[in-house]
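Coordinates as given in data_1.pdb (PDB, C-alpha atoms):
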MODEL        1
ATOM      1  CA  MET A1462      74.641 -18.393 -96.198
ATOM      2  CA  ALA A1463      75.257 -17.771 -99.903
ATOM      3  CA  ILE A1464      78.275 -15.663-100.801
ATOM      4  CA  THR A1465      76.142 -12.817-102.192
ATOM      5  CA  ALA A1466      74.051 -12.666 -99.010
ATOM      6  CA  PHE A1467      77.245 -12.684 -96.972
ATOM      7  CA  VAL A1468      78.813  -9.848 -98.998
ATOM      8  CA  PHE A1469      75.671  -7.696 -98.914
ATOM      9  CA  GLY A1470      75.141  -8.356 -95.205
ATOM     10  CA  VAL A1471      78.724  -7.489 -94.292
ATOM     11  CA  LEU A1472      78.839  -4.414 -96.536
ATOM     12  CA  ALA A1473      75.514  -3.113 -95.225
ATOM     13  CA  LEU A1474      76.786  -3.362 -91.679
ATOM     14  CA  LEU A1475      80.304  -2.098 -92.408
ATOM     15  CA  LEU A1476      79.109   0.930 -94.390
ATOM     16  CA  ALA A1477      76.662   2.029 -91.680
ATOM     17  CA  PRO A1478      77.907   4.939 -89.580
ATOM     18  CA  GLY A1479      79.501   3.717 -86.393
ATOM     19  CA  PRO A1480      82.360   4.441 -84.023
ATOM     20  CA  THR A1481      85.175   2.970 -86.144
ATOM     21  CA  ASN A1482      83.897   4.560 -89.354
ATOM     22  CA  THR A1483      83.652   7.888 -87.555
ATOM     23  CA  LEU A1484      87.299   7.668 -86.512
ATOM     24  CA  MET A1485      88.395   6.657 -90.020
ATOM     25  CA  GLY A1486      86.468   9.579 -91.506
ATOM     26  CA  LEU A1487      88.130  11.959 -89.064
ATOM     27  CA  ALA A1488      91.531  10.419 -89.829
ATOM     28  CA  GLY A1489      90.900  11.012 -93.539
ATOM     29  CA  ALA A1490      89.980  14.625 -92.806
ATOM     30  CA  GLN A1491      93.080  15.114 -90.675
ATOM     31  CA  GLY A1492      95.704  13.352 -92.767
ATOM     32  CA  GLY A1493      94.196  12.091 -96.005
ATOM     33  CA  LEU A1494      94.104   8.519 -97.219
ATOM     34  CA  SER A1495      97.717   7.897 -96.217
ATOM     35  CA  ARG A1496      96.664   8.391 -92.584
ATOM     36  CA  VAL A1497      93.766   5.973 -93.057
ATOM     37  CA  VAL A1498      96.105   3.383 -94.602
ATOM     38  CA  ARG A1499      98.390   3.642 -91.549
ATOM     39  CA  LEU A1500      95.377   2.978 -89.282
ATOM     40  CA  LEU A1501      94.103  -0.044 -91.240
ATOM     41  CA  PRO A1502      96.223  -2.580 -89.309
ATOM     42  CA  ALA A1503      94.725  -1.300 -86.040
ATOM     43  CA  GLU A1504      91.178  -1.669 -87.374
ATOM     44  CA  LEU A1505      91.843  -5.143 -88.759
ATOM     45  CA  ALA A1506      93.548  -6.209 -85.513
ATOM     46  CA  GLY A1507      90.564  -4.924 -83.530
ATOM     47  CA  TYR A1508      88.135  -6.992 -85.563
ATOM     48  CA  VAL A1509      90.374 -10.080 -85.361
ATOM     49  CA  THR A1510      90.728  -9.651 -81.578
ATOM     50  CA  THR A1511      86.960  -9.681 -81.132
ATOM     51  CA  ILE A1512      85.666 -11.832 -83.981
ATOM     52  CA  LEU A1513      87.916 -14.873 -83.674
ATOM     53  CA  PRO A1514      87.151 -15.592 -80.009
ATOM     54  CA  LEU A1515      83.458 -14.930 -80.647
ATOM     55  CA  SER A1516      83.454 -17.282 -83.619
ATOM     56  CA  PHE A1517      85.088 -20.078 -81.645
ATOM     57  CA  LEU A1518      83.552 -19.562 -78.203
ATOM     58  CA  GLY A1519      80.860 -16.909 -78.475
ATOM     59  CA  ALA A1520      77.643 -18.900 -78.570
ATOM     60  CA  GLN A1521      78.751 -21.204 -75.731
ATOM     61  CA  LEU A1522      80.105 -18.289 -73.708
ATOM     62  CA  PHE A1523      76.880 -16.295 -73.958
ATOM     63  CA  GLN A1524      74.809 -19.364 -73.048
ATOM     64  CA  SER A1525      76.984 -20.178 -70.032
ATOM     65  CA  PHE A1526      77.379 -16.563 -68.881
ATOM     66  CA  PRO A1527      74.424 -14.447 -70.082
ATOM     67  CA  GLY A1528      75.766 -11.432 -68.197
ATOM     68  CA  PHE A1529      78.927 -11.425 -70.334
ATOM     69  CA  GLY A1530      77.058  -9.979 -73.323
ATOM     70  CA  VAL A1531      75.510  -7.253 -71.183
ATOM     71  CA  ALA A1532      78.884  -6.396 -69.639
ATOM     72  CA  LEU A1533      80.477  -6.194 -73.085
ATOM     73  CA  LYS A1534      77.731  -3.839 -74.286
ATOM     74  CA  ILE A1535      78.130  -1.616 -71.216
ATOM     75  CA  ILE A1536      81.899  -1.397 -71.726
ATOM     76  CA  ALA A1537      81.364  -0.550 -75.414
ATOM     77  CA  ALA A1538      78.787   2.141 -74.569
ATOM     78  CA  ILE A1539      81.117   3.732 -72.005
ATOM     79  CA  TRP A1540      84.099   3.699 -74.405
ATOM     80  CA  ILE A1541      82.045   5.271 -77.201
ATOM     81  CA  ALA A1542      80.753   7.956 -74.812
ATOM     82  CA  LEU A1543      84.340   8.719 -73.754
ATOM     83  CA  LEU A1544      85.326   9.059 -77.419
ATOM     84  CA  ALA A1545      82.448  11.485 -77.960
ATOM     85  CA  ILE A1546      83.466  13.573 -74.957
ATOM     86  CA  ARG A1547      87.141  13.612 -76.006
ATOM     87  CA  LEU A1548      86.250  14.738 -79.522
ATOM     88  CA  TRP A1549      83.987  17.505 -78.233
ATOM     89  CA  THR A1550      86.357  18.756 -75.530
ATOM     90  CA  SER A1551      89.412  18.649 -77.787
ATOM     91  CA  LEU A1552      87.716  21.343 -79.884
ATOM     92  CA  SER A1553      86.715  23.353 -76.816
ATOM     93  CA  LEU A1554      90.296  23.225 -75.547
ATOM     94  CA  GLY A1555      91.729  24.218 -78.915
ATOM     95  CA  LYS A1556      92.979  20.724 -79.743
ATOM     96  CA  GLY A1557      90.783  20.225 -82.799
ATOM     97  CA  GLU A1558      93.681  18.834 -84.808
ATOM     98  CA  ARG A1559      94.439  16.030 -82.319
ATOM     99  CA  GLU A1560      95.389  13.066 -84.459
ATOM    100  CA  ILE A1561      93.337   9.868 -84.385
ATOM    101  CA  SER A1562      95.638   7.189 -82.943
ATOM    102  CA  ALA A1563      95.983   3.517 -83.830
ATOM    103  CA  THR A1564      95.266   2.670 -80.189
ATOM    104  CA  ARG A1565      91.936   4.510 -80.334
ATOM    105  CA  VAL A1566      90.994   2.770 -83.567
ATOM    106  CA  TYR A1567      91.998  -0.637 -82.174
ATOM    107  CA  ILE A1568      90.075  -0.326 -78.894
ATOM    108  CA  THR A1569      87.054   1.201 -80.618
ATOM    109  CA  THR A1570      86.966  -1.618 -83.161
ATOM    110  CA  CYS A1571      87.370  -4.277 -80.459
ATOM    111  CA  LEU A1572      84.356  -2.820 -78.671
ATOM    112  CA  ASN A1573      82.366  -2.093 -81.833
ATOM    113  CA  PRO A1574      78.946  -3.765 -81.523
ATOM    114  CA  LYS A1575      79.168  -4.691 -85.226
ATOM    115  CA  ALA A1576      81.937  -7.167 -84.363
ATOM    116  CA  LEU A1577      79.427  -9.192 -82.342
ATOM    117  CA  ILE A1578      77.200  -9.585 -85.377
ATOM    118  CA  PHE A1579      80.117 -10.513 -87.636
ATOM    119  CA  GLY A1580      81.492 -13.080 -85.192
ATOM    120  CA  LEU A1581      78.213 -14.619 -84.062
ATOM    121  CA  VAL A1582      75.920 -14.288 -87.075
ATOM    122  CA  LEU A1583      77.458 -13.470 -90.449
ATOM    123  CA  LEU A1584      80.663 -15.507 -90.516
ATOM    124  CA  PRO A1585      80.296 -19.270 -90.881
ATOM    125  CA  SER A1586      81.329 -21.602 -88.098
ATOM    126  CA  PRO A1587      85.110 -21.989 -87.762
ATOM    127  CA  GLU A1588      84.689 -25.702 -88.502
ATOM    128  CA  SER A1589      83.301 -24.849 -91.940
ATOM    129  CA  ALA A1590      85.608 -24.928 -94.971
ATOM    130  CA  GLU A1591      84.140 -21.507 -95.872
ATOM    131  CA  PHE A1592      85.369 -19.809 -92.681
ATOM    132  CA  VAL A1593      88.899 -18.847 -93.800
ATOM    133  CA  PRO A1594      87.928 -17.591 -97.290
ATOM    134  CA  ARG A1595      84.974 -15.633 -95.872
ATOM    135  CA  PHE A1596      87.125 -14.179 -93.113
ATOM    136  CA  ALA A1597      89.686 -13.089 -95.730
ATOM    137  CA  LEU A1598      86.890 -11.557 -97.822
ATOM    138  CA  PHE A1599      85.621  -9.810 -94.695
ATOM    139  CA  GLY A1600      89.108  -8.313 -94.182
ATOM    140  CA  ALA A1601      89.158  -7.026 -97.758
ATOM    141  CA  MET A1602      85.746  -5.420 -97.271
ATOM    142  CA  VAL A1603      86.922  -3.778 -94.023
ATOM    143  CA  ILE A1604      89.826  -2.208 -95.934
ATOM    144  CA  GLY A1605      87.547  -0.997 -98.747
ATOM    145  CA  VAL A1606      84.997   0.534 -96.389
ATOM    146  CA  ALA A1607      87.695   2.231 -94.294
ATOM    147  CA  MET A1608      89.051   3.826 -97.466
ATOM    148  CA  ILE A1609      85.545   5.015 -98.412
ATOM    149  CA  TRP A1610      85.031   6.628 -94.986
ATOM    150  CA  GLY A1611      88.539   8.083 -95.069
ATOM    151  CA  GLY A1612      87.841   9.488 -98.545
ATOM    152  CA  LEU A1613      84.626  11.086 -97.300
ATOM    153  CA  GLY A1614      86.560  12.681 -94.462
ATOM    154  CA  MET A1615      89.283  13.816 -96.845
ATOM    155  CA  ALA A1616      86.660  15.446 -99.088
ATOM    156  CA  THR A1617      85.846  17.873 -96.271
ATOM    157  CA  GLN A1618      89.326  19.367 -96.697
ATOM    158  CA  LEU A1619      89.160  20.211-100.401
ATOM    159  CA  SER A1620      88.973  23.993-100.025
ATOM    160  CA  ALA A1621      90.265  26.823 -97.893
ATOM    161  CA  ALA A1622      87.368  26.309 -95.463
ATOM    162  CA  GLY A1623      88.705  22.832 -94.643
ATOM    163  CA  THR A1624      89.754  23.600 -91.059
ATOM    164  CA  LYS A1625      86.317  24.999 -90.250
ATOM    165  CA  ARG A1626      84.639  21.990 -91.874
ATOM    166  CA  LEU A1627      86.918  19.652 -89.887
ATOM    167  CA  ALA A1628      85.748  21.329 -86.668
ATOM    168  CA  ILE A1629      82.124  20.922 -87.742
ATOM    169  CA  LEU A1630      82.780  17.297 -88.763
ATOM    170  CA  GLN A1631      84.392  16.654 -85.390
ATOM    171  CA  ARG A1632      81.346  18.109 -83.567
ATOM    172  CA  VAL A1633      78.946  16.048 -85.686
ATOM    173  CA  ALA A1634      81.073  12.931 -85.110
ATOM    174  CA  SER A1635      81.079  13.602 -81.373
ATOM    175  CA  ALA A1636      77.290  13.990 -81.322
ATOM    176  CA  TRP A1637      76.886  10.821 -83.410
ATOM    177  CA  LEU A1638      79.130   8.797 -81.079
ATOM    178  CA  LEU A1639      77.161  10.033 -78.073
ATOM    179  CA  PHE A1640      73.933   8.975 -79.817
ATOM    180  CA  VAL A1641      75.402   5.492 -80.506
ATOM    181  CA  SER A1642      76.498   5.180 -76.878
ATOM    182  CA  LEU A1643      73.096   6.241 -75.538
ATOM    183  CA  SER A1644      71.360   3.872 -77.954
ATOM    184  CA  LEU A1645      73.463   0.979 -76.668
ATOM    185  CA  MET A1646      72.652   1.901 -73.063
ATOM    186  CA  PHE A1647      68.960   2.235 -73.876
ATOM    187  CA  ASN A1648      68.958  -1.236 -75.455
ATOM    188  CA  ILE A1649      70.697  -2.682 -72.397
ATOM    189  CA  VAL A1650      68.151  -1.141 -70.025
ATOM    190  CA  ARG A1651      65.258  -2.218 -72.249
ATOM    191  CA  THR A1652      66.289  -5.891 -72.232
TER     192      THR A1652
ENDMDL
END
Take the structure from the file and write it as structure tokens.
Amino acid sequence: MAITAFVFGVLALLLAPGPTNTLMGLAGAQGGLSRVVRLLPAELAGYVTTILPLSFLGAQLFQSFPGFGVALKIIAAIWIALLAIRLWTSLSLGKGEREISATRVYITTCLNPKALIFGLVLLPSPESAEFVPRFALFGAMVIGVAMIWGGLGMATQLSAAGTKRLAILQRVASAWLLFVSLSLMFNIVRT
């Protein structure tokens, strides 16, 4: 895959709303870009935890154990649904300011369905000389996109109505995460 196709493919997928981006946007709304920067290692570690094993073993693993992919999708759908419920109920219980944790970002990123596409489709084979430079470029794009989502979240706090907008953002994020979870489950049932 040419470098431009790789960059556009990765950016298109990274920029799309998803569970990790939702958390980074909320982190930006809660604590600004400094909070997002503190969460970046967790996001990067989550992608590394999932992508490297998939890159090295993924295709063989899915061929040998077809149920593994389905199980991974089910676990991801359940985790995303739990995130949605926690976000929604934290507002109902008066905990709307509950800080997004590095652990949440890490687990969410590990289970992010986008990681499957990065590890199995977009990154070159680990045997390729292009693997390490492309993986490094991928990491740089992850950082850039996280900062964009964090900046969007931070923009919700630019006036006195920031707390109210954060509550609305948290409700929208919760609804979006539930939609993502249900979409994953629907795709599992459909296949």
Near-Met1646 of chain A list (10 Å; only C-alpha atoms; drop same-chain fewer than 3 positions) as number ranges by chain: A: 1531, 1534-1539, 1640-1643, 1649-1651
Taking the file as shown, find all residues satisfying the PyMOL selection byres ((chain A and resi 1475) around 10) and write them as a ChimeraX atom specification. /A:1469-1474,1476-1479,1481-1482,1575-1576,1579,1599,1602-1603,1605-1607
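Here atom CA of Leu1572 of chain A stands at a distance of 16.8 Å from atom CA of Leu1522 of chain A.
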Once the PyMOL selection byres ((chain A and resi 1510) around 12) is applied to the coordinates I shared, what remains selected? I want it as a list in words.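 Those residues are Pro1502, Ala1503, Glu1504, Leu1505, Ala1506, Gly1507, Tyr1508, Val1509, Thr1511, Ile1512, Leu1513, Pro1514, Leu1515, Ser1516, Phe1517, Tyr1567, Ile1568, Thr1569, Thr1570, Cys1571, Leu1572, Asn1573, Ala1576, Leu1577 and Gly1580 of chain A.
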Measure the distance from atom CA of Arg1632 of chain A to atom CA of Leu1548 of chain A in Å and round it to one decimal.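 Between atom CA of Arg1632 of chain A and atom CA of Leu1548 of chain A the gap is 7.2 Å.
Taking atom CA of Ser1562 of chain A as the reference point, atom CA of Leu1533 of chain A is found at 22.5 Å.
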With only C-alpha atoms as the counted atoms, please give the residues lying no more than 8 Å from Leu1487 of chain A, apart from itself and same-chain residues fewer than 2 positions off, as JSON, numbers by chain. {"A": [1483, 1484, 1485, 1489, 1490, 1491, 1561, 1611, 1614, 1627, 1630, 1631]}
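Among the candidates A:Phe1596, A:Phe1529, A:Trp1540, A:Phe1523, the residue lying nearest to Val1468 of chain A is A:Phe1596 (atoms considered: only C-alpha atoms).
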Around all listed atoms of segment 1604-1621 of chain A, padded 5 Å per side, what centre and edge lengths does the axis-aligned box have in Å to one decimal, as lines of an AutoDock Vina configuration file?
center_x = 87.4
center_y = 12.3
center_z = -97.3
size_x = 15.6
size_y = 39.0
size_z = 16.1
Tell me, as a list in words, which residues lie within 8 Å of Pro1585 of chain A, counting all atoms listed in the file; anything in the same chain fewer than 5 positions away does not count.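 Near neighbours after the sequence-gap exclusion: Met1462, Glu1591, Phe1592 and Arg1595 of chain A.
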So that I can check the surroundings of Ala1545 of chain A, please list as a PDB file with C-alpha atoms, in the frame of the given file every protein, DNA and RNA residue that reaches within 7 Å of it, counting all atoms listed in the file and ignoring chain neighbours fewer than 4 positions away.
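Contents of out_7.pdb, as written:
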ATOM      1  CA  ILE A1541      82.045   5.271 -77.201  1.00  0.00           C
ATOM      2  CA  TRP A1549      83.987  17.505 -78.233  1.00  0.00           C
ATOM      3  CA  SER A1635      81.079  13.602 -81.373  1.00  0.00           C
ATOM      4  CA  ALA A1636      77.290  13.990 -81.322  1.00  0.00           C
ATOM      5  CA  LEU A1638      79.130   8.797 -81.079  1.00  0.00           C
ATOM      6  CA  LEU A1639      77.161  10.033 -78.073  1.00  0.00           C
TER       7      LEU A1639
END
Under the rule that all atoms listed in the file are counted, which of A:Ile1578, A:Ile1464, A:Leu1598, A:Val1566 is the nearest residue to Gly1486 of chain A? A:Val1566
Which residue, A:Leu1581, A:Ala1466, A:Ala1488, A:Ala1616, has the smallest gap to Gly1519 of chain A when you use all atoms listed in the file? A:Leu1581
